[in-house]
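Visitor: If you scroll down you'll find the structure; I have some questions about it.
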Amino acid sequence: MSLPPLTLYLAAPRGFCAGVDRAIKIVEMALEKWGAPVYVRHEIVHNKFVVDGLRAKGAVFVKELDDCPDDRPVIFSAHGVPKAVPAEAARREMVYVDATCPLVSKVHIEAERHHAGGLQMVMIGHAGHPETVGTMGQLPEGEVILVETVADVANITPRDPEKLAFITQTTLSVDDTADIVAALQARFPAIVGPHKEDICYATTNRQGAVKAMAPKADAMLVIGAPNSSNSKRLVEVGRSAGCAYAQLVQRAEDIDWRALEGISSIGITAGASAPEVLVNEVIDAFRTRFDLTVEQVETAQENVEFKVPRVLREPAGA
C-alpha cells in the first residue's frame with residue numbers, strides 16, 4: 001500500500017533556547033555536585049518530558065521554598081523569582097542556585113534602574129505566569145502595573161503619567177506587544193521604553209520562522225506544553241499568519257490524525273522548552289503514515305550560549 005505524499009516544513013530555529021539549555025544544565029550539574037535530592041522551586045522549564053527526566057535523576061520539584069528542607073540545595077526556575085525568595089533562602093542559610101534566564105534578569109535590572117530613577121513601571125505580560133510574578137516581585141508592591149491587552153491600557157491609573165516606563169515578559173507575541181506598546185505611547189507620550197526589546201531573541205526568531213512557514217502549510221503543529229507561554233504564542237502567530245489549523249501538542253501521541261486527513265503539507269515547530277527528541281518523535285509519527293518530504297524553513301541562525309553560575313563550576317567543598 002502506497003502512503004499519501006506529504007511535505008513537512010520544519011521551522012528553524014525551533015526548540016531549546018540558550019536560557020532553557022542553561023537551566024537544565026544547572027539542575028544536572030547540581031545533582032552531580034551535591035547528589036540527590038536537589039530541590040527545584042517550580043518547574044525548571046515548562047515541559048513535562050524535561051521535568052520528568054530530571055525528576056528521575058533526583059530533582060524534587062516543589063511549589064514554594066517552604067516545601068524545601070534547609071540542608072539541601074534549591075534551584076530557582078528559568079522564569080525568575082520575586083526578590084523575597086532568594087532573601088528568604090539566604091535567611092535560612094540555604095545553598096541556592098538561581099537558574100533565571102539572563103534575558104529575564106536583564107528585564108529585572110531594567111525595572112530596578114527605572115524604579116531608582118523615580119519611574120513607576122508598566123509591565124506587559126500574562127497575569128499569574130511565573131515570569132510575570134518574578135519580574136513584578138523585583139519592586140515593592142504597587143510599583144508595577146500589569147497590562148495584558150490593548151484594552152487594559154485605557155483603564156490604568158498611574159501615580160504620575162509623566163513618570164512611567166514599560167517592560168515586557170520575554171515570551172510574548174511580537175506583533176500583539178507592538179500594539180500594546182503603541183497604545184501606551186499614545187496615552188502616555190512620556191513613557192520610557194527598554195534600551196533593547198525585552199522580548200527575547202529566541203521568542204522573536206521562533207515566531208519569525210512560523211510566519212515564514214504558516215502560509216505554505218495546510219496545518220501546523222507546535223510541540224510544547226500547555227503552560228508554556230512562548231509555545232502558545234507560536235500557535236497564535238501561525239493562525240494569524242494564515243495557517244487555518246494550528247495546534248499545540250505535547251508529543252506525538254497527542255496528534256489528532258482525523259483533523260489532518262487530506263492535508264498535503266504540515267508545518268512543525270517547537271517551543272523554547274521542548275527538546276529535539278520530541279520533534280523527532282513527531283516527524284517519525286508522520287513518516288509511518290505518509291510518504292514524507294522534509295523541508296527546513298530557516299529564518300535565523302542562533303549561536304547564543306549562557307554560562308552556568310560559578311558555584312557549579314567549582315568542585316564540591318570549594
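Residues are named by chain letter and number: chains run A, B, ... in the order of the C-alpha cells, numbers start at 1 in each chain, and ligands are numbered from 1 in the order shown.
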According to DSSP computed on the backbone, where in stretch 5-167 of chain A is there strand (DSSP E)? Give the residues as a PyMOL selection string.
Guide: chain A and resi 5-12+38-41+59-62+74-76+96-98+120-124+144-147+164-167
Visitor: With only C-alpha atoms as the counted atoms, please give the residues lying no more than 7 Å from stretch 171-187 of chain A, apart from itself and same-chain residues fewer than 3 positions off, as a JSON list (two decimals) with N, CA, C and O atoms, in the first residue's frame.
Guide:
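Saved as out-v2.json:
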```json
[["chain", "number", "residue", "atom", "x", "y", "z"],
["A", 149, "THR", "N", -3.59, 43.48, 27.68],
["A", 149, "THR", "CA", -4.18, 43.75, 26.36],
["A", 149, "THR", "C", -4.18, 45.24, 26.08],
["A", 149, "THR", "O", -3.98, 46.07, 26.99],
["A", 150, "VAL", "N", -4.46, 45.59, 24.83],
["A", 150, "VAL", "CA", -4.59, 47.00, 24.43],
["A", 150, "VAL", "C", -5.70, 47.65, 25.26],
["A", 150, "VAL", "O", -5.56, 48.79, 25.73],
["A", 153, "VAL", "N", -4.87, 49.16, 28.67],
["A", 153, "VAL", "CA", -4.10, 50.42, 28.71],
["A", 153, "VAL", "C", -5.01, 51.60, 29.06],
["A", 153, "VAL", "O", -4.62, 52.51, 29.79],
["A", 191, "ILE", "N", 6.23, 58.04, 28.31],
["A", 191, "ILE", "CA", 6.66, 56.71, 28.81],
["A", 191, "ILE", "C", 8.00, 56.29, 28.21],
["A", 191, "ILE", "O", 8.27, 56.52, 27.04],
["A", 199, "ILE", "N", 11.38, 41.38, 24.61],
["A", 199, "ILE", "CA", 11.04, 40.06, 24.08],
["A", 199, "ILE", "C", 12.33, 39.44, 23.58],
["A", 199, "ILE", "O", 13.09, 40.06, 22.84],
["A", 200, "CYS", "N", 12.63, 38.21, 24.02],
["A", 200, "CYS", "CA", 13.98, 37.70, 23.79],
["A", 200, "CYS", "C", 14.17, 37.24, 22.35],
["A", 200, "CYS", "O", 13.22, 37.02, 21.61],
["A", 203, "THR", "N", 12.30, 33.94, 21.30],
["A", 203, "THR", "CA", 10.86, 34.12, 21.05],
["A", 203, "THR", "C", 10.66, 34.76, 19.68],
["A", 203, "THR", "O", 9.87, 34.30, 18.86],
["A", 204, "THR", "N", 11.40, 35.84, 19.42],
["A", 204, "THR", "CA", 11.29, 36.58, 18.17],
["A", 204, "THR", "C", 11.64, 35.68, 16.98],
["A", 204, "THR", "O", 10.92, 35.64, 15.98],
["A", 229, "SER", "N", 4.20, 29.75, 27.77],
["A", 229, "SER", "CA", 3.73, 30.99, 27.14],
["A", 229, "SER", "C", 4.25, 31.09, 25.70],
["A", 229, "SER", "O", 3.51, 31.36, 24.77],
["A", 230, "ASN", "N", 5.56, 30.86, 25.51],
["A", 230, "ASN", "CA", 6.11, 31.07, 24.15],
["A", 230, "ASN", "C", 5.54, 30.06, 23.15],
["A", 230, "ASN", "O", 5.35, 30.37, 21.99],
["A", 233, "ARG", "N", 2.05, 31.20, 22.14],
["A", 233, "ARG", "CA", 2.15, 32.33, 21.21],
["A", 233, "ARG", "C", 2.45, 31.84, 19.79],
["A", 233, "ARG", "O", 1.99, 32.41, 18.82]]
```
Visitor: Do a neighbour search on stretch 155-159 of chain A at 9 Å with only C-alpha atoms, toss out local chain neighbours closer than 2 positions, and write the hits as an MDAnalysis selection string.
Guide: chainID A and resid 120:122 145:147 151:153 161:164
Visitor: I'd like the neighbourhood of A:Arg289 as a PyMOL selection string, where a residue qualifies if any of its atoms comes within 8 Å (using only C-alpha atoms), though same-chain residues fewer than 2 positions away should be ignored.
Guide: chain A and resi 3-4+285-287+291
Visitor: Write out as a tab-separated table the residues of stretch 215-318 of chain A that have any atom within 10 Å of an atom of stretch 40-63 of chain A, one row each with the nearest atom pair and its distance in Å to one decimal, counting only C-alpha atoms, sorted by chain and then rising number.
Guide:
```
residue	atom	partner	partner_atom	distance
A:Ile223	CA	A:Asn47	CA	9.9
A:Gly224	CA	A:Asn47	CA	6.9
A:Ala225	CA	A:Asn47	CA	5.5
A:Pro226	CA	A:His46	CA	8.4
A:Asn227	CA	A:His46	CA	6.4
A:Ser228	CA	A:His46	CA	5.4
A:Ser229	CA	A:His46	CA	8.7
A:Asn230	CA	A:His46	CA	9.8
A:Ser231	CA	A:His46	CA	9.6
A:Gln250	CA	A:Asn47	CA	8.2
A:Arg251	CA	A:Phe49	CA	9.0
A:Gly271	CA	A:Asn47	CA	9.4
A:Ala272	CA	A:His46	CA	9.0
A:Ser273	CA	A:Asn47	CA	6.0
A:Ala274	CA	A:Asn47	CA	6.3
A:Pro275	CA	A:Val50	CA	7.5
A:Val277	CA	A:Phe49	CA	9.8
A:Leu278	CA	A:Phe49	CA	8.6
```
Visitor: Excluding same-chain residues fewer than 6 positions from A:His79, what lies within 9 Å of it counting only C-alpha atoms, as a list in words?
Guide: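 Near neighbours after the sequence-gap exclusion: Ile44, Val45, Ala99, Thr100, Cys101, Val104, His129, Pro130, Glu131, Thr132, Gly134 and Thr135 of chain A.
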Visitor: Restricting it to C-alpha atoms, dump the selection as a compact mmCIF listing (two decimals), in the first residue's frame.
Guide:
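Written file, again_23.txt:
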```
# COMPACT_ATOMS: atom_id res chain seq x y z
CA ILE A 44 12.66 24.43 35.90
CA VAL A 45 11.23 24.95 32.39
CA ALA A 99 18.67 29.47 37.08
CA THR A 100 16.81 32.62 35.94
CA CYS A 101 17.43 33.15 32.24
CA VAL A 104 14.82 37.70 32.14
CA HIS A 129 2.72 33.47 34.73
CA PRO A 130 5.86 32.70 36.81
CA GLU A 131 7.97 35.15 34.80
CA THR A 132 5.49 38.00 35.34
CA GLY A 134 9.01 37.11 39.34
CA THR A 135 9.52 40.40 37.49
```
Visitor: Ranking A:Gln169, A:Gln138, A:Ser77, A:Ser2 by minimum distance to A:Ile26 and counting only C-alpha atoms, which one comes first?
Guide: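 Closest candidate: A:Ser77.
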